[in-house]
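Below you'll find the structure, written out as structure tokens, and then a few comments.
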Amino acid sequence: FQAEDGIRDVERSRGLGDVYKRQVSELILRHRFSEAISSIPDTADAGAILQKGYCLCELDSFRKAASVLSHPFPDNELLEPYRAYLYYKSLISGGLLDSLELADFAALEDSIPEPLVGEYLVTLADGYRKIGKYDSEYKILDRLLSLPAGYRGISSYQIRYRQGVSLVRRGKTSEGKKRLSSLVKEILANEKVRKQNITVAISSADFLVETAPDNPGYLFLAGMANYYKKGNRREALSLFERAEKKGYKRRRRALYWKALCYRSFGNYQKAEDILTWLFERGYSTGWVCYQLGLIRRSQGRFSDAVKYFERSVRQKDSSSPHSLFKLAEMHRWNMGKLGKSAAYYERLRNYRRSSFYDIAALRSGLVRFW
């Protein structure tokens with residue numbers, strides 16, 4: 001896990017802009033839900049009542065939703081299963097359900113429409129968890145995993161996270177922690193999976209830390225997971241430091257990740273000091289050289305950057321295509337050496353599985369016309 005492209009020169013404010021946009025969108029949606037609710041009288045037809053209950057659930061008004069949806073639709077067999085599902089979902093989400101009502105909800109399974117089966121099982125598992133029936137929760141989650149991906153309601157990674165937590169709560173602590181630890185590592189190891197499931201990785205790692213706050217391995221794993229979440233880098237640095245204090249044995253690895261955090265804050269000198277210390281003491285992996293090359297480039301020290309990137313390429317590890325791409329880009333944009341840039345793009349085309357392959361194929365031809 002080497003933070004391949006998870007780091008940019010400095011964290012930019014555009015991330016905050018994305019947060020504002022999302023908040024505005026949510027406010028608009030909530031306003032529309034509120035408008036829909038106020039426009040639907042309690043005497044409306046079944047479809048309108050169902051819509052009102054749905055809007056109340058989206059606004060987290062679960063008690064009101066349960067009240068609106070509490071009366072069956074005896075004259076509408078098509079919508080009744082949806083009403084029943086939404087009614088019990090509002091009870092479970094609001095913490096208003098007892099064991100007897102959960103049994104009634106479980107008995108609804110045969111009447112649940114096929115598109116809702118996954119969401120129904122997720123909600124049923126939530127209900128079992130909230131009343132402490134973790135064995136039943138685990139079995140439902142197992143059934144969810146057996147469904148086709150499009151019918152599950154949540155991702156397989158979310159299901160596996162819930163299973164790991166369930167095992168710990170059932171007393172199978174060792175097995176549960178082992179599964180959660182493996183899940184975090186699996187998510188972080190794949191860039192595409194990581195982007196889609198980083199929240200699951202953080203939740204899993206945070207749960208491990210919660211169960212064993214003095215475990216240096218869990219603290220380090222939580223640091224790695226938080227590092228990949230935009231806006232969580234300072235939390236990641238804190239976790240790496242806690243792991244060191246608790247005796248994390250792979251000190252050089254911990255220092256490397258701390259250097260990545262400092263670089264993401266724009267503290268290039270601190271990052272460079274750590275990486276140089278590692279390099280001079282034999283920890284000259286391809287990724288250490290790559291990071292030093294990035295810092296030298298940001299400082300305008302292009303000749304030094306070339307040396308570190310070239311050394312990274314010679315390591316022939318997962319850093320090599322990243323360094324080749326930086327070399328090609330730097331020779332084109334920073335050094336004005338188009339011939340060398342084209343040559344680096346050509347070398348990069350040998351890495352067919354690299355995410356840079358397509359762009360290298362394109363630019364190796366275009367650079368000759370620039």
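Residue names in the structure tokens use chain letters A, B, ... in the order shown, residue numbers from 1 in each chain, and ligand numbers from 1 in the order shown.
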Close residues, Gly247 in chain A itself excluded, 10 Å, only C-alpha atoms, min 6 positions apart in chain, as a list in words
Asp214, Asn215, Pro216 and Gly217 of chain A
Take the selection from the previous step and output its residues with C-alpha atoms, as a PDB file, in the first residue's frame.
```pdb
ATOM      1  CA  ASP A 214      -3.456   0.024  22.302  1.00  0.00           C
ATOM      2  CA  ASN A 215      -2.860  -2.320  19.377  1.00  0.00           C
ATOM      3  CA  PRO A 216      -0.188  -0.640  17.191  1.00  0.00           C
ATOM      4  CA  GLY A 217      -1.088  -2.720  14.131  1.00  0.00           C
TER       5      GLY A 217
END
```
Separation of CA of Ala212 in chain A and CA of Lys192 in chain A, in Å?
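Distance reported for this atom pair: 29.3 Å.
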Ranking A:Lys258, A:Arg347, A:Arg129, A:Arg311 by minimum distance to Leu141 in chain A and counting only C-alpha atoms, which one comes first?
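Ranked by minimum distance to Leu141 in chain A, first place goes to A:Arg129.
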Could you name the residues that touch Leu56 in chain A at 8 Å or less, counting only C-alpha atoms, but leaving out those on the same chain fewer than 4 positions away, as a list in words?
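Listed by chain and then number, they are Phe33, Ile37, Lys52, Asp60, Ser61, Phe62, Lys64 and Ala65 of chain A.
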Preceding selection exported with all heavy atoms as a compact mmCIF listing (two decimals), in the first residue's frame:
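Wrote it out as part21.txt, contents follow:
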```txt
# COMPACT_ATOMS: atom_id res chain seq x y z
N PHE A 33 -38.89 17.22 -0.20
CA PHE A 33 -39.59 16.20 0.59
C PHE A 33 -40.61 16.86 1.51
O PHE A 33 -41.74 16.39 1.65
CB PHE A 33 -38.59 15.38 1.42
CG PHE A 33 -37.80 14.38 0.61
CD1 PHE A 33 -36.44 14.20 0.83
CD2 PHE A 33 -38.41 13.62 -0.37
CE1 PHE A 33 -35.72 13.28 0.09
CE2 PHE A 33 -37.70 12.69 -1.12
CZ PHE A 33 -36.34 12.53 -0.89
N ILE A 37 -44.68 16.32 1.59
CA ILE A 37 -45.40 15.88 2.79
C ILE A 37 -46.57 16.81 3.09
O ILE A 37 -47.69 16.37 3.37
CB ILE A 37 -44.44 15.82 3.99
CG1 ILE A 37 -43.43 14.67 3.81
CG2 ILE A 37 -45.21 15.64 5.30
CD1 ILE A 37 -42.26 14.74 4.76
N LYS A 52 -45.85 9.80 1.01
CA LYS A 52 -45.68 10.62 2.21
C LYS A 52 -44.82 9.89 3.24
O LYS A 52 -43.91 10.48 3.85
CB LYS A 52 -47.05 10.95 2.81
CG LYS A 52 -47.00 11.93 3.98
CD LYS A 52 -48.40 12.33 4.41
CE LYS A 52 -48.36 13.39 5.51
NZ LYS A 52 -49.73 13.85 5.87
N ASP A 60 -35.78 11.38 8.09
CA ASP A 60 -35.48 10.77 9.39
C ASP A 60 -36.60 10.99 10.41
O ASP A 60 -36.36 10.91 11.62
CB ASP A 60 -34.15 11.29 9.96
CG ASP A 60 -32.97 10.93 9.08
OD1 ASP A 60 -33.08 9.93 8.34
OD2 ASP A 60 -31.94 11.63 9.13
N SER A 61 -37.80 11.26 9.94
CA SER A 61 -38.96 11.39 10.84
C SER A 61 -39.63 10.03 10.93
O SER A 61 -40.75 9.82 10.42
CB SER A 61 -39.92 12.46 10.30
OG SER A 61 -39.30 13.72 10.25
N PHE A 62 -38.95 9.08 11.57
CA PHE A 62 -39.39 7.69 11.55
C PHE A 62 -40.68 7.46 12.33
O PHE A 62 -41.53 6.67 11.92
CB PHE A 62 -38.28 6.79 12.07
CG PHE A 62 -37.01 6.89 11.27
CD1 PHE A 62 -35.84 7.37 11.84
CD2 PHE A 62 -36.99 6.51 9.94
CE1 PHE A 62 -34.67 7.47 11.10
CE2 PHE A 62 -35.82 6.60 9.19
CZ PHE A 62 -34.66 7.09 9.77
N LYS A 64 -43.15 9.59 12.79
CA LYS A 64 -44.25 10.11 11.97
C LYS A 64 -44.51 9.19 10.78
O LYS A 64 -45.66 8.95 10.40
CB LYS A 64 -43.94 11.52 11.48
CG LYS A 64 -43.99 12.58 12.57
CD LYS A 64 -43.72 13.97 11.99
CE LYS A 64 -43.79 15.03 13.08
NZ LYS A 64 -43.51 16.41 12.53
N ALA A 65 -43.42 8.68 10.18
CA ALA A 65 -43.57 7.77 9.05
C ALA A 65 -44.33 6.51 9.47
O ALA A 65 -45.23 6.05 8.77
CB ALA A 65 -42.20 7.40 8.49
```
